[in-house]
Structure formats: structure tokens, C-alpha cells
file model13.txt (compact mmCIF, C-alpha atoms)
# COMPACT_ATOMS: atom_id res chain seq x y z
CA MET F 251 -15.55 57.65 -27.41
CA SER F 252 -17.20 61.03 -26.90
CA LYS F 253 -16.48 63.84 -29.34
CA PRO F 254 -13.90 66.51 -28.41
CA LEU F 255 -15.39 69.59 -26.77
CA VAL F 256 -14.32 73.14 -27.67
CA ALA F 257 -15.52 75.97 -25.39
CA ILE F 258 -15.81 79.60 -26.56
CA VAL F 259 -15.26 82.00 -23.66
CA GLY F 260 -14.46 85.66 -23.10
CA ARG F 261 -15.76 88.82 -21.51
CA PRO F 262 -19.20 90.14 -22.59
CA ASN F 263 -19.85 91.59 -26.02
CA VAL F 264 -16.67 90.50 -27.83
CA GLY F 265 -18.66 88.51 -30.41
CA LYS F 266 -18.58 84.98 -28.95
CA SER F 267 -22.09 84.06 -30.10
CA MET F 268 -21.56 85.48 -33.59
CA LEU F 269 -18.34 83.45 -33.89
CA PHE F 270 -20.19 80.37 -32.59
CA ASN F 271 -22.90 80.80 -35.26
CA LYS F 272 -20.27 81.31 -37.98
CA LEU F 273 -18.35 78.15 -37.02
CA ILE F 274 -21.44 75.91 -37.00
CA ASN F 275 -22.80 77.71 -40.09
CA LYS F 276 -26.27 78.37 -38.68
CA ARG F 277 -27.90 80.80 -36.30
CA VAL F 278 -28.39 79.06 -32.97
CA SER F 279 -27.07 81.46 -30.33
CA ILE F 280 -28.96 84.72 -30.00
CA VAL F 281 -26.84 87.60 -31.28
CA GLU F 282 -27.67 91.08 -30.02
CA ASP F 283 -25.40 94.07 -29.41
CA THR F 284 -26.16 93.91 -25.69
CA PRO F 285 -23.82 92.42 -23.07
CA GLY F 286 -25.21 89.37 -21.28
CA VAL F 287 -27.55 88.09 -23.99
CA THR F 288 -26.06 84.58 -23.89
CA ARG F 289 -26.49 83.23 -20.37
CA ASP F 290 -26.37 79.43 -20.48
CA ARG F 291 -24.07 77.01 -22.25
CA ILE F 292 -25.24 76.24 -25.80
CA TYR F 293 -23.95 73.07 -27.47
CA GLU F 294 -23.84 72.35 -31.21
CA GLU F 295 -22.00 69.88 -33.39
CA CYS F 296 -19.27 71.21 -35.67
CA ASP F 297 -17.16 69.59 -38.41
CA TRP F 298 -13.69 70.57 -39.65
CA CYS F 299 -11.19 68.63 -41.78
CA GLY F 300 -13.07 65.38 -41.22
CA ARG F 301 -13.20 65.73 -37.43
CA THR F 302 -16.54 66.07 -35.68
CA PHE F 303 -16.58 67.87 -32.35
CA ASP F 304 -18.95 69.68 -30.00
CA LEU F 305 -18.75 73.47 -29.76
CA VAL F 306 -20.10 75.25 -26.68
CA ASP F 307 -21.01 78.94 -26.46
CA THR F 308 -20.94 80.52 -23.00
CA GLY F 309 -22.14 83.70 -21.39
CA GLY F 310 -19.69 86.59 -21.03
CA ILE F 311 -17.44 86.35 -17.96
CA GLU F 312 -17.50 89.42 -15.72
CA PRO F 313 -14.58 88.91 -13.28
CA THR F 314 -15.93 91.41 -10.74
CA ALA F 315 -19.64 90.59 -11.13
CA ASP F 316 -21.89 90.96 -8.10
CA ASN F 317 -25.22 90.71 -9.97
CA GLU F 318 -26.98 87.34 -9.46
CA ILE F 319 -27.37 86.58 -13.18
CA LEU F 320 -23.75 87.60 -13.97
CA LEU F 321 -22.50 85.32 -11.20
CA PHE F 322 -24.56 82.46 -12.66
CA MET F 323 -23.09 83.20 -16.10
CA ARG F 324 -19.56 83.02 -14.71
CA GLU F 325 -20.38 79.71 -13.02
CA GLN F 326 -21.73 78.30 -16.32
CA ALA F 327 -18.57 79.41 -18.16
CA GLN F 328 -16.41 77.75 -15.49
CA ILE F 329 -18.28 74.44 -15.94
CA ALA F 330 -17.70 74.67 -19.72
CA ILE F 331 -13.99 75.36 -19.12
CA ASP F 332 -13.68 72.38 -16.75
CA SER F 333 -15.22 69.96 -19.26
CA ALA F 334 -13.57 71.30 -22.47
CA ASP F 335 -10.67 69.74 -24.37
CA VAL F 336 -9.75 73.08 -25.97
CA ILE F 337 -10.75 76.64 -25.05
CA ILE F 338 -11.11 79.51 -27.53
CA LEU F 339 -10.55 82.84 -25.76
CA VAL F 340 -12.32 85.56 -27.76
CA THR F 341 -11.10 89.17 -27.49
CA ASP F 342 -11.91 92.37 -29.38
CA ILE F 343 -9.28 94.13 -31.51
CA THR F 344 -11.29 97.39 -31.53
CA THR F 345 -10.92 97.80 -27.75
CA GLY F 346 -7.48 96.27 -27.34
CA VAL F 347 -6.53 94.31 -24.22
CA THR F 348 -8.74 95.23 -21.25
CA ALA F 349 -8.44 94.44 -17.55
CA ALA F 350 -11.34 91.99 -17.94
CA ASP F 351 -9.47 90.19 -20.75
CA LYS F 352 -6.47 89.74 -18.45
CA GLU F 353 -8.66 88.38 -15.65
CA VAL F 354 -10.32 85.88 -18.00
CA ALA F 355 -6.95 84.84 -19.47
CA ASN F 356 -5.55 84.22 -15.97
CA MET F 357 -8.65 82.16 -15.16
CA LEU F 358 -8.04 80.02 -18.26
CA LEU F 359 -4.31 79.61 -17.63
CA ARG F 360 -5.09 78.33 -14.13
CA SER F 361 -7.28 75.62 -15.70
CA ARG F 362 -4.16 74.23 -17.49
CA LYS F 363 -6.30 73.52 -20.57
CA PRO F 364 -5.08 74.29 -24.14
CA VAL F 365 -6.11 77.87 -25.01
CA VAL F 366 -6.41 79.27 -28.55
CA LEU F 367 -6.52 83.08 -28.63
CA ALA F 368 -8.98 84.60 -31.15
CA VAL F 369 -8.83 88.36 -31.73
CA ASN F 370 -12.27 89.12 -33.15
CA LYS F 371 -13.59 92.04 -35.25
CA ALA F 372 -10.49 92.06 -37.48
CA ASP F 373 -12.87 92.70 -40.36
CA SER F 374 -10.50 94.36 -42.84
CA THR F 375 -8.29 92.32 -45.18
CA GLY F 376 -4.67 93.02 -46.10
CA ASP F 377 -2.01 94.07 -43.59
CA VAL F 378 -2.49 92.91 -40.01
CA ASP F 379 -3.54 95.64 -37.58
CA PRO F 380 -0.47 96.30 -35.34
CA THR F 381 -2.85 96.39 -32.33
CA ILE F 382 -2.92 92.60 -32.46
CA TYR F 383 0.61 92.35 -31.02
CA GLU F 384 -0.47 93.70 -27.64
CA PHE F 385 -2.59 90.52 -27.17
CA TYR F 386 0.64 88.54 -26.66
CA SER F 387 0.60 90.09 -23.17
CA LEU F 388 -2.25 87.73 -22.23
CA GLY F 389 0.18 84.80 -22.27
CA CYS F 390 -2.16 82.58 -24.33
CA GLY F 391 0.10 82.02 -27.33
CA ASP F 392 -0.11 83.51 -30.83
CA PRO F 393 -3.21 85.69 -31.36
CA ILE F 394 -5.25 84.67 -34.42
CA PRO F 395 -7.11 87.56 -36.13
CA VAL F 396 -10.68 86.52 -37.02
CA SER F 397 -13.87 88.16 -38.24
CA ALA F 398 -17.04 86.51 -36.91
CA VAL F 399 -19.03 88.70 -39.33
CA HIS F 400 -17.18 87.78 -42.54
CA GLY F 401 -15.55 84.49 -41.54
CA HIS F 402 -11.94 85.65 -42.04
CA GLY F 403 -9.45 83.59 -40.06
CA THR F 404 -11.94 80.98 -38.81
CA GLY F 405 -10.14 78.24 -40.74
CA ASP F 406 -6.82 79.10 -39.07
CA LEU F 407 -8.62 79.15 -35.72
CA LEU F 408 -10.06 75.65 -36.18
CA ASP F 409 -6.75 74.32 -37.51
CA GLU F 410 -5.12 75.45 -34.26
CA CYS F 411 -7.88 73.78 -32.18
CA LEU F 412 -7.45 70.50 -34.05
CA LYS F 413 -3.83 70.27 -32.88
CA TYR F 414 -5.06 69.67 -29.32
CA PHE F 415 -7.73 67.05 -30.11
CA PRO F 416 -7.19 63.50 -28.82
CA PRO F 417 -6.44 60.81 -31.44
CA GLN F 418 -9.44 60.06 -33.64
CA GLU F 419 -11.45 56.92 -32.99
CA ASN F 420 -14.84 55.78 -34.18
CA GLU F 421 -17.21 58.58 -33.19
CA GLU F 422 -20.72 57.34 -33.86
CA GLU F 423 -23.92 59.11 -33.01
CA ASP F 424 -26.64 57.21 -31.20
CA ASP F 425 -29.83 56.97 -33.23
CA ASP F 426 -31.84 55.65 -30.27
CA THR F 427 -31.64 58.92 -28.32
CA ILE F 428 -35.04 60.45 -27.48
CA LYS F 429 -35.16 64.25 -27.78
CA VAL F 430 -37.26 65.76 -24.99
CA ALA F 431 -38.33 69.44 -25.08
CA VAL F 432 -39.22 70.92 -21.69
CA ILE F 433 -41.73 73.69 -22.38
CA GLY F 434 -43.97 75.96 -20.33
CA LYS F 435 -44.51 79.49 -19.18
CA PRO F 436 -41.75 81.31 -17.25
CA ASN F 437 -40.91 80.08 -13.75
CA ALA F 438 -42.78 76.77 -14.04
CA GLY F 439 -39.67 74.84 -12.99
CA LYS F 440 -38.30 73.72 -16.37
CA SER F 441 -34.63 74.38 -15.58
CA SER F 442 -34.99 72.87 -12.10
CA LEU F 443 -36.27 69.63 -13.65
CA VAL F 444 -33.40 69.48 -16.16
CA ASN F 445 -30.86 70.13 -13.39
CA LEU F 446 -32.40 67.40 -11.22
CA VAL F 447 -32.29 64.92 -14.10
CA LEU F 448 -28.67 65.71 -14.94
CA GLY F 449 -27.50 65.87 -11.35
CA GLU F 450 -25.57 69.09 -11.93
CA LYS F 451 -26.22 72.80 -12.36
CA ARG F 452 -26.56 72.41 -16.13
CA VAL F 453 -28.75 75.47 -16.70
CA ILE F 454 -29.28 78.63 -14.69
CA VAL F 455 -32.10 78.38 -12.15
CA SER F 456 -33.52 81.62 -10.78
CA ASN F 457 -36.91 82.82 -9.61
CA VAL F 458 -36.57 85.75 -12.02
CA ALA F 459 -38.94 85.01 -14.91
CA GLY F 460 -37.15 84.91 -18.26
CA THR F 461 -33.75 83.71 -16.99
CA THR F 462 -33.41 81.02 -19.68
CA ARG F 463 -33.30 82.60 -23.13
CA ASP F 464 -31.85 79.94 -25.42
CA ALA F 465 -32.96 76.37 -26.07
CA ILE F 466 -30.18 74.23 -24.58
CA ASP F 467 -29.42 70.57 -25.35
CA SER F 468 -28.30 68.32 -22.49
CA HIS F 469 -27.37 64.72 -23.24
CA PHE F 470 -28.19 62.19 -20.56
CA GLU F 471 -28.19 58.39 -20.17
CA ASN F 472 -29.58 56.17 -17.41
CA GLU F 473 -31.05 52.69 -17.00
CA TYR F 474 -34.16 53.75 -18.94
CA GLY F 475 -32.31 54.84 -22.10
CA LYS F 476 -30.55 57.74 -23.80
CA TYR F 477 -32.07 61.23 -23.87
CA THR F 478 -31.38 64.74 -25.06
CA PHE F 479 -33.20 67.23 -22.83
CA ILE F 480 -33.92 70.59 -24.45
CA ASP F 481 -34.54 73.26 -21.80
CA THR F 482 -36.39 76.15 -23.41
CA ALA F 483 -37.12 79.74 -22.52
CA GLY F 484 -40.47 80.26 -20.83
CA ILE F 485 -43.06 81.36 -23.39
CA ARG F 486 -44.94 84.48 -22.31
CA ARG F 487 -48.10 86.06 -23.69
CA LYS F 488 -47.48 87.92 -26.94
CA SER F 489 -48.42 91.25 -25.37
CA LYS F 490 -45.52 90.80 -22.93
CA VAL F 491 -42.94 89.85 -25.57
CA ASP F 492 -41.80 93.39 -26.25
CA ASP F 493 -38.06 92.81 -25.90
CA ARG F 494 -36.32 91.81 -29.15
CA VAL F 495 -34.16 89.23 -27.42
CA GLU F 496 -37.21 87.60 -25.84
CA LYS F 497 -38.90 87.36 -29.25
CA PHE F 498 -35.90 85.31 -30.36
CA SER F 499 -36.35 83.16 -27.23
CA VAL F 500 -39.98 82.34 -28.11
CA MET F 501 -38.85 81.45 -31.63
CA ARG F 502 -36.14 79.18 -30.21
CA ALA F 503 -38.71 77.43 -27.99
CA LYS F 504 -40.96 76.78 -30.99
CA MET F 505 -37.97 75.42 -32.93
CA ALA F 506 -37.17 73.16 -29.96
CA ILE F 507 -40.70 71.74 -30.11
CA GLU F 508 -40.29 71.07 -33.83
CA ARG F 509 -37.12 68.99 -33.39
CA ALA F 510 -38.27 67.14 -30.25
CA ASP F 511 -39.67 63.62 -30.10
CA VAL F 512 -41.48 64.21 -26.81
CA CYS F 513 -42.68 67.45 -25.16
CA LEU F 514 -42.95 67.84 -21.39
CA ILE F 515 -45.58 70.54 -20.78
CA MET F 516 -44.76 72.02 -17.38
CA ILE F 517 -47.70 73.28 -15.31
CA ASP F 518 -47.30 75.14 -12.01
CA ALA F 519 -49.44 73.21 -9.49
CA GLN F 520 -50.02 76.33 -7.40
CA GLU F 521 -51.44 78.29 -10.34
CA GLY F 522 -53.20 75.50 -12.23
CA VAL F 523 -53.70 75.63 -15.98
CA THR F 524 -53.57 79.24 -17.20
CA GLU F 525 -54.53 80.66 -20.59
CA GLN F 526 -50.84 80.75 -21.50
CA ASP F 527 -50.42 77.07 -20.58
CA THR F 528 -53.24 76.27 -23.01
CA LYS F 529 -51.49 78.13 -25.82
CA ILE F 530 -48.14 76.45 -25.12
CA ALA F 531 -49.74 73.00 -25.04
CA GLY F 532 -51.45 73.92 -28.32
CA LEU F 533 -48.03 74.47 -29.95
CA ALA F 534 -46.99 70.91 -29.11
CA HIS F 535 -50.37 69.52 -30.20
CA GLU F 536 -50.31 71.35 -33.53
CA ALA F 537 -46.74 70.19 -34.14
CA GLY F 538 -47.95 66.59 -33.69
CA LYS F 539 -45.60 65.83 -30.80
CA ALA F 540 -45.99 63.10 -28.22
CA SER F 541 -46.62 64.94 -24.96
CA ILE F 542 -46.75 64.51 -21.20
CA ILE F 543 -48.45 67.05 -18.94
CA VAL F 544 -46.11 67.51 -15.97
CA VAL F 545 -47.70 69.21 -12.96
CA ASN F 546 -44.70 70.57 -11.03
CA LYS F 547 -44.35 71.96 -7.48
CA TRP F 548 -46.80 69.34 -6.19
CA ASP F 549 -44.92 69.39 -2.84
CA LEU F 550 -46.11 72.98 -2.26
CA VAL F 551 -49.83 72.19 -2.59
CA GLU F 552 -51.96 71.52 0.49
CA LYS F 553 -53.57 68.14 -0.14
CA ASP F 554 -56.38 65.90 0.98
CA SER F 555 -57.64 62.60 -0.46
CA LYS F 556 -59.33 64.31 -3.43
CA THR F 557 -56.76 66.99 -4.35
CA MET F 558 -55.01 65.01 -7.08
CA ASP F 559 -58.26 63.80 -8.67
CA ASN F 560 -59.68 67.32 -8.69
CA MET F 561 -56.49 68.72 -10.21
CA ARG F 562 -56.53 66.00 -12.88
CA LYS F 563 -60.14 66.90 -13.77
CA ASP F 564 -59.24 70.59 -14.00
CA VAL F 565 -56.30 69.85 -16.31
CA ARG F 566 -58.45 67.61 -18.52
CA ARG F 567 -61.11 70.33 -18.72
CA ASP F 568 -58.72 73.16 -19.55
CA LEU F 569 -56.61 71.09 -21.97
CA SER F 570 -59.57 69.25 -23.50
CA PHE F 571 -57.82 68.99 -26.88
CA MET F 572 -55.07 66.86 -25.28
CA THR F 573 -57.07 64.14 -23.55
CA TYR F 574 -54.55 61.65 -24.96
CA ALA F 575 -51.64 63.08 -22.92
CA PRO F 576 -50.83 61.38 -19.59
CA ILE F 577 -50.61 63.60 -16.50
CA LEU F 578 -47.77 63.24 -13.97
CA PHE F 579 -47.54 65.09 -10.65
CA ILE F 580 -43.93 65.78 -9.64
CA SER F 581 -41.66 67.99 -7.60
CA ALA F 582 -38.47 69.07 -9.36
CA LEU F 583 -37.28 70.33 -5.97
CA THR F 584 -37.59 67.06 -4.02
CA GLY F 585 -37.44 64.61 -6.95
CA GLN F 586 -40.89 63.19 -6.18
CA ARG F 587 -42.04 60.85 -9.04
CA VAL F 588 -39.32 62.10 -11.42
CA ASP F 589 -38.14 58.49 -12.04
CA ARG F 590 -41.62 57.70 -13.33
CA LEU F 591 -41.04 60.40 -15.96
CA PHE F 592 -38.55 58.28 -17.93
CA GLU F 593 -40.95 55.35 -18.21
CA LEU F 594 -43.62 57.71 -19.53
CA ILE F 595 -41.22 59.37 -22.00
CA ASN F 596 -40.30 55.95 -23.42
CA PHE F 597 -43.94 54.88 -23.52
CA VAL F 598 -45.34 57.92 -25.36
CA ASN F 599 -42.38 57.91 -27.75
CA ASP F 600 -43.11 54.26 -28.62
CA GLN F 601 -46.80 55.08 -29.06
CA SER F 602 -45.93 57.94 -31.43
CA ASN F 603 -43.83 55.50 -33.50
CA LEU F 604 -46.48 52.77 -33.57
CA ARG F 605 -47.36 51.26 -36.97
CA ILE F 606 -50.68 49.47 -37.50
CA SER F 607 -51.26 47.13 -40.42
CA THR F 608 -53.95 48.04 -42.97
CA GLY F 609 -55.74 44.75 -42.28
CA MET F 610 -56.06 45.44 -38.54
CA LEU F 611 -57.17 49.01 -39.20
CA ASN F 612 -59.94 47.92 -41.52
CA ASN F 613 -61.18 45.32 -39.03
CA VAL F 614 -61.59 48.18 -36.53
CA LEU F 615 -63.24 50.31 -39.26
CA ALA F 616 -65.77 47.59 -40.11
CA ASP F 617 -66.62 47.04 -36.46
CA ALA F 618 -66.99 50.81 -35.86
CA GLN F 619 -69.38 51.18 -38.83
CA ALA F 620 -71.46 48.23 -37.59
CA ARG F 621 -71.80 49.89 -34.19
CA VAL F 622 -72.57 53.40 -35.46
CA GLN F 623 -73.82 53.90 -39.01
CA PRO F 624 -72.00 56.56 -41.07
CA PRO F 625 -73.98 59.83 -41.38
CA THR F 626 -76.43 60.65 -44.18
CA ASP F 627 -77.48 63.94 -45.78
CA LYS F 628 -80.47 64.43 -48.10
CA GLY F 629 -80.72 60.73 -48.85
CA ARG F 630 -76.97 60.25 -49.46
CA ARG F 631 -75.05 58.04 -47.07
CA LEU F 632 -71.33 58.24 -46.38
CA LYS F 633 -69.52 55.16 -47.63
CA ILE F 634 -66.06 54.46 -46.19
CA TYR F 635 -64.04 52.11 -48.40
CA TYR F 636 -60.87 51.56 -46.39
CA MET F 637 -58.27 53.13 -44.13
CA THR F 638 -54.47 52.91 -44.11
CA GLN F 639 -51.61 54.36 -42.04
CA THR F 640 -49.22 56.58 -44.00
CA GLY F 641 -46.80 57.84 -41.34
CA ILE F 642 -45.62 58.02 -37.74
CA LYS F 643 -44.61 60.76 -35.26
CA PRO F 644 -47.54 61.32 -35.04
CA PRO F 645 -49.50 58.38 -36.50
CA ASN F 646 -51.07 59.52 -39.79
CA PHE F 647 -54.11 57.79 -41.29
CA VAL F 648 -55.82 58.23 -44.66
CA VAL F 649 -59.50 57.31 -44.97
CA PHE F 650 -60.99 56.77 -48.45
CA CYS F 651 -64.70 57.50 -48.88
CA ASN F 652 -67.34 58.48 -51.46
CA SER F 653 -67.80 62.09 -50.24
CA ARG F 654 -65.65 64.30 -48.07
CA GLU F 655 -68.62 66.59 -47.36
CA LEU F 656 -70.58 63.75 -45.77
CA PHE F 657 -67.67 62.87 -43.48
CA HIS F 658 -68.77 64.93 -40.50
CA PHE F 659 -66.17 65.94 -37.91
CA SER F 660 -68.06 64.11 -35.16
CA TYR F 661 -67.80 60.81 -37.06
CA GLN F 662 -64.09 61.42 -37.64
CA ARG F 663 -63.68 61.89 -33.88
CA TYR F 664 -65.67 58.70 -33.30
CA LEU F 665 -63.32 56.71 -35.55
CA GLU F 666 -60.30 58.22 -33.80
CA ASN F 667 -61.70 57.13 -30.43
CA GLN F 668 -62.26 53.59 -31.75
CA ILE F 669 -58.65 53.43 -32.97
CA ARG F 670 -57.38 54.63 -29.59
CA ALA F 671 -59.63 52.18 -27.73
CA THR F 672 -58.14 49.30 -29.76
CA PHE F 673 -54.48 50.25 -30.19
CA GLY F 674 -53.85 52.72 -27.34
CA LEU F 675 -51.83 55.51 -28.97
CA GLU F 676 -51.66 57.19 -25.58
CA GLY F 677 -49.62 60.36 -25.36
CA THR F 678 -49.65 61.13 -29.08
CA PRO F 679 -52.01 63.10 -31.32
CA ILE F 680 -53.49 61.42 -34.40
CA ARG F 681 -53.67 62.93 -37.88
CA MET F 682 -56.54 61.79 -40.11
CA VAL F 683 -56.79 62.78 -43.80
CA ILE F 684 -60.07 62.26 -45.66
CA ARG F 685 -59.94 61.43 -49.38
CA GLN F 686 -62.83 60.91 -51.75
CA LYS F 687 -63.08 59.19 -55.10
CA GLY F 688 -61.37 61.21 -57.81
CA ASP F 689 -58.77 62.79 -55.51
CA LYS F 690 -55.27 62.78 -56.95
CA GLU F 691 -52.62 60.98 -54.90

call {"tool": "encode", "arguments": {"input": "model13.txt", "output": "C-alpha cells"}}
result
Amino acid sequence: MSKPLVAIVGRPNVGKSMLFNKLINKRVSIVEDTPGVTRDRIYEECDWCGRTFDLVDTGGIEPTADNEILLFMREQAQIAIDSADVIILVTDITTGVTAADKEVANMLLRSRKPVVLAVNKADSTGDVDPTIYEFYSLGCGDPIPVSAVHGHGTGDLLDECLKYFPPQENEEEDDDTIKVAVIGKPNAGKSSLVNLVLGEKRVIVSNVAGTTRDAIDSHFENEYGKYTFIDTAGIRRKSKVDDRVEKFSVMRAKMAIERADVCLIMIDAQEGVTEQDTKIAGLAHEAGKASIIVVNKWDLVEKDSKTMDNMRKDVRRDLSFMTYAPILFISALTGQRVDRLFELINFVNDQSNLRISTGMLNNVLADAQARVQPPTDKGRRLKIYYMTQTGIKPPNFVVFCNSRELFHFSYQRYLENQIRATFGLEGTPIRMVIRQKGDKE
């Protein structure tokens, strides 16, 4: 049975994201005193009185919006409302009931879903502010005063939500879910790919660079397995990240890379690999993540018999530090080769989790040293005693030798290539630690 879903909705700037962060006890949603900062649905797990449920933060609903982004935000909120078991309507005690509050309340009442009314910014303790009684006019039941800043009233709020949850059954999390971070520069087609995979308008798609600001988790299952797709904000050059909210977005994207199992590095086929693409790919490489280079918008490129080969060579040249990553040419618009993506995700994830026995590693090591003698310096020769694997995701190897100084980088790269030639390890970086006699464990 899936976990209950609680949606937090309301007009802009009433403190929905701050309340969301307070309830899950960590800062996930971007909080800024600017209307419209939260645009997509953000999901996080929450726990209260022994019940685990999913909490979703939504963008502010502007009932009379005519701006493209505001209309998208309203659409996202409506999807959250349609799929929720309980809805928390957040209002602001400092402004009282507004016309927008009434419009949103009517929208929720039409959904016929259970609504819990939270009156936020009731930061003072003691006697209840009499202003709260006017919120009865919204027709959403008893208003509950809360403070998203201090946490006052959040327990009462969750108690009220629990009353509407379905009976509890075994709610187990799947450990075999692969987390996939979709990363790239703005407007590379990340959100379009996620929407195509999910078969719904899960995240906002717009040709305005910077539309996606938060890293958003989308759970998905098909015949290939179970996945959590993390759509991230496009990462711009540092010189262009002058807006405080966008700095948070870049940070969120880096955090998404850290918690992912596999990174899809989106490249715009019409632009080729740019300097910014190189830096973004470098983030995944440095984090040790299994990666796939996804060349999107391939349907828009004029092609002949050599176009794909030439593009593959260009990508290999510009991302020379990621020669291990497979390249896939797709179109998120038409769905071309997207099914092949799942096979590759499973493959590189398995490669990143591969364990090699010490005996097999040392057979490869002995053969490699017989082919190419270890380097010497001033009469001293490098002696390699043995090698062992110490970790996965990515595969980590420790090599024991007589002198770290003699272990030249080129010979380290040679050994890495021999390991890859024997065991594959395609799609994942390799970490190699050199230890010499006398090193402490």
C-alpha cells in the first residue's frame, strides 16, 4: 500500500514552504520572501505518531493568473490536490482573509477532499488572536493557528491530518529503487525527459531558462525496474548566478547529485558540449557517480551517415575525463530511444555496485606488470605487492607498494585501463588509493 499523501496549498507568500520544511525537520524547499519561489511540487517523507506519509509542497495559487509561469504553478497545485488524501490550506493571520484565500478555499471544497485549515504566522504565544475567527468564513472547518517559524501548533495540525488517513497497513520502502539525477545546463530538456518518462506533466516545462528551481523526486516503475527520477534546476555559469534563489537552486542540484545512484548528463545536440556542460559533468565525476551522457534534441539535428559518429567523437574529446560513460542519443520530444535509457541505467548502476575478489584482481595485476614493467627512478623500481577492493559506488581499490613517489600517474591510469578491459566497469568512475609500506591503516 502506498503512503498517505498530504498536500500543502495556498496563495503565494503565506509561508507554505517554511511550514513544509518545519514539518519534515529539514530545509528542502527554497524559502525566500518573494512570491512564486516554489514552482513545482516537492515531495518529502514525514513521520508523525508512528505514521509515515508523503508531504508535498506546491507553488502559490494565483486564481486570476495570466502569466505563463503562474498558470503552470496553478496546474501543478491542482495535480497535487487531485492526488492528495488530505489537503492543508495555509493562510496568513497578519493579512486576514483575502479574496485569493476565498478563491483557493472554493477550489479545494470543489475537490471534495478533506481540508485542514492552517492559519500561519501566529508567532506569539498566549491568548489566541481574535483575527483567527474570521477564517471560519472560508468554510474549511476549525482554523488551527500555527507558526512555521517557531513550530507552534504544528502538532495539532498533524493530529488533525491523521484523522483522515486510511487504515494503517504494512508500508515498506523499496530498497531496490534506483535514484536517477537528471542534470545539465538550463533548457537542455531535463524536465521534458522526466515528463515523458512519467507520462504526465510532473514538472513545469517551459523554454524560459531557469524554470525549474528545486530538485524534485518522481517515483516511477516499469518493466525494467523501480526508479526515483530527480529533476534538477539547470546549472548556469557562476558569473550568471547572481540571484539568491538561483544560488539555492545550484546547491540543490549538487545535493541531488550526491544522493543519486546514476546521473543523466543532458547535452543539447544543437549546441554540442559547452564549457558549462564540462563543469556539470565534472560534478558527477568528482562525486563518483555512475553516469550516462544523454544527447537530447537529436530529432532537430540535420543528419547524414556520419553525423552520429562525429558527434560521439566530439563528446569524447570534450568530456575526455569521462570516457567510461556511455553516450545515448535521444529525443525527449518524440520519445526516440528513451526505452533504451532504462537498460543503460540498470547496467551502469550494476557496474557501479560490482565487487571483484582480491584473487581475481591480483591475477590482473600480475599480468599487467608482466606486460608493462613498473617505472623506475634513479635505480629504484616500483614494487607493487597486491591490490584489493575496499568499496563500491564507485568501485574503490587500494594498491600496496614500496614507494608512493615511484607510482607515476601514467602507470596508475594503465592499471585502471587493465581493470576496465577485464571487468568492464562501464559507466562508473574508479577510485584508486596508493599505499606504501609503513602507512597506517

call {"tool": "closest_residue", "arguments": {"input": "model13.txt", "among": "F:Ile595, F:Leu611, F:Val399, F:Ala582", "to": "Ser441 in chain F", "atoms": "all atoms listed in the file"}}
result
F:Ala582

call {"tool": "closest_residue", "arguments": {"input": "model13.txt", "among": "F:Lys413, F:Lys547, F:Arg590, F:Arg630", "to": "Val447 in chain F", "atoms": "all atoms listed in the file"}}
result
F:Arg590

call {"tool": "residues_around", "arguments": {"input": "model13.txt", "residues": "Asp297 in chain F", "least_positions_apart": "2", "cutoff": "12 Å", "atoms": "only C-alpha atoms", "output": "list in words"}}
result
Lys253, Pro254, Leu255, Val256, Leu273, Ile274, Asn275, Glu294, Glu295, Cys299, Gly300, Arg301, Thr302, Phe303, Asp304, Leu305, Gly405, Leu408, Asp409, Cys411 and Leu412 of chain F

call {"tool": "atom_distance", "arguments": {"input": "model13.txt", "atom1": "CA of His402 in chain F", "atom2": "CA of Ser374 in chain F"}}
result
8.9 Å

call {"tool": "residues_around", "arguments": {"input": "model13.txt", "residues": "Asp342 in chain F", "least_positions_apart": "5", "cutoff": "12 Å", "atoms": "only C-alpha atoms", "output": "JSON, numbers by chain"}}
result
{"F": [260, 261, 262, 263, 264, 265, 266, 269, 347, 348, 350, 351, 367, 368, 369, 370, 371, 372, 373, 381, 382, 384, 385, 393, 394, 395, 396, 397, 398]}

call {"tool": "atom_distance", "arguments": {"input": "model13.txt", "atom1": "CA of Met268 in chain F", "atom2": "CA of Trp298 in chain F"}}
result
17.9 Å

call {"tool": "residues_around", "arguments": {"input": "model13.txt", "residues": "Val648 in chain F", "least_positions_apart": "5", "cutoff": "6 Å", "atoms": "all atoms listed in the file", "output": "list in words"}}
result
Met637, Thr638, Met682, Val683 and Ile684 of chain F

call {"tool": "atom_distance", "arguments": {"input": "model13.txt", "atom1": "CA of Arg621 in chain F", "atom2": "CA of Glu666 in chain F"}}
result
14.2 Å
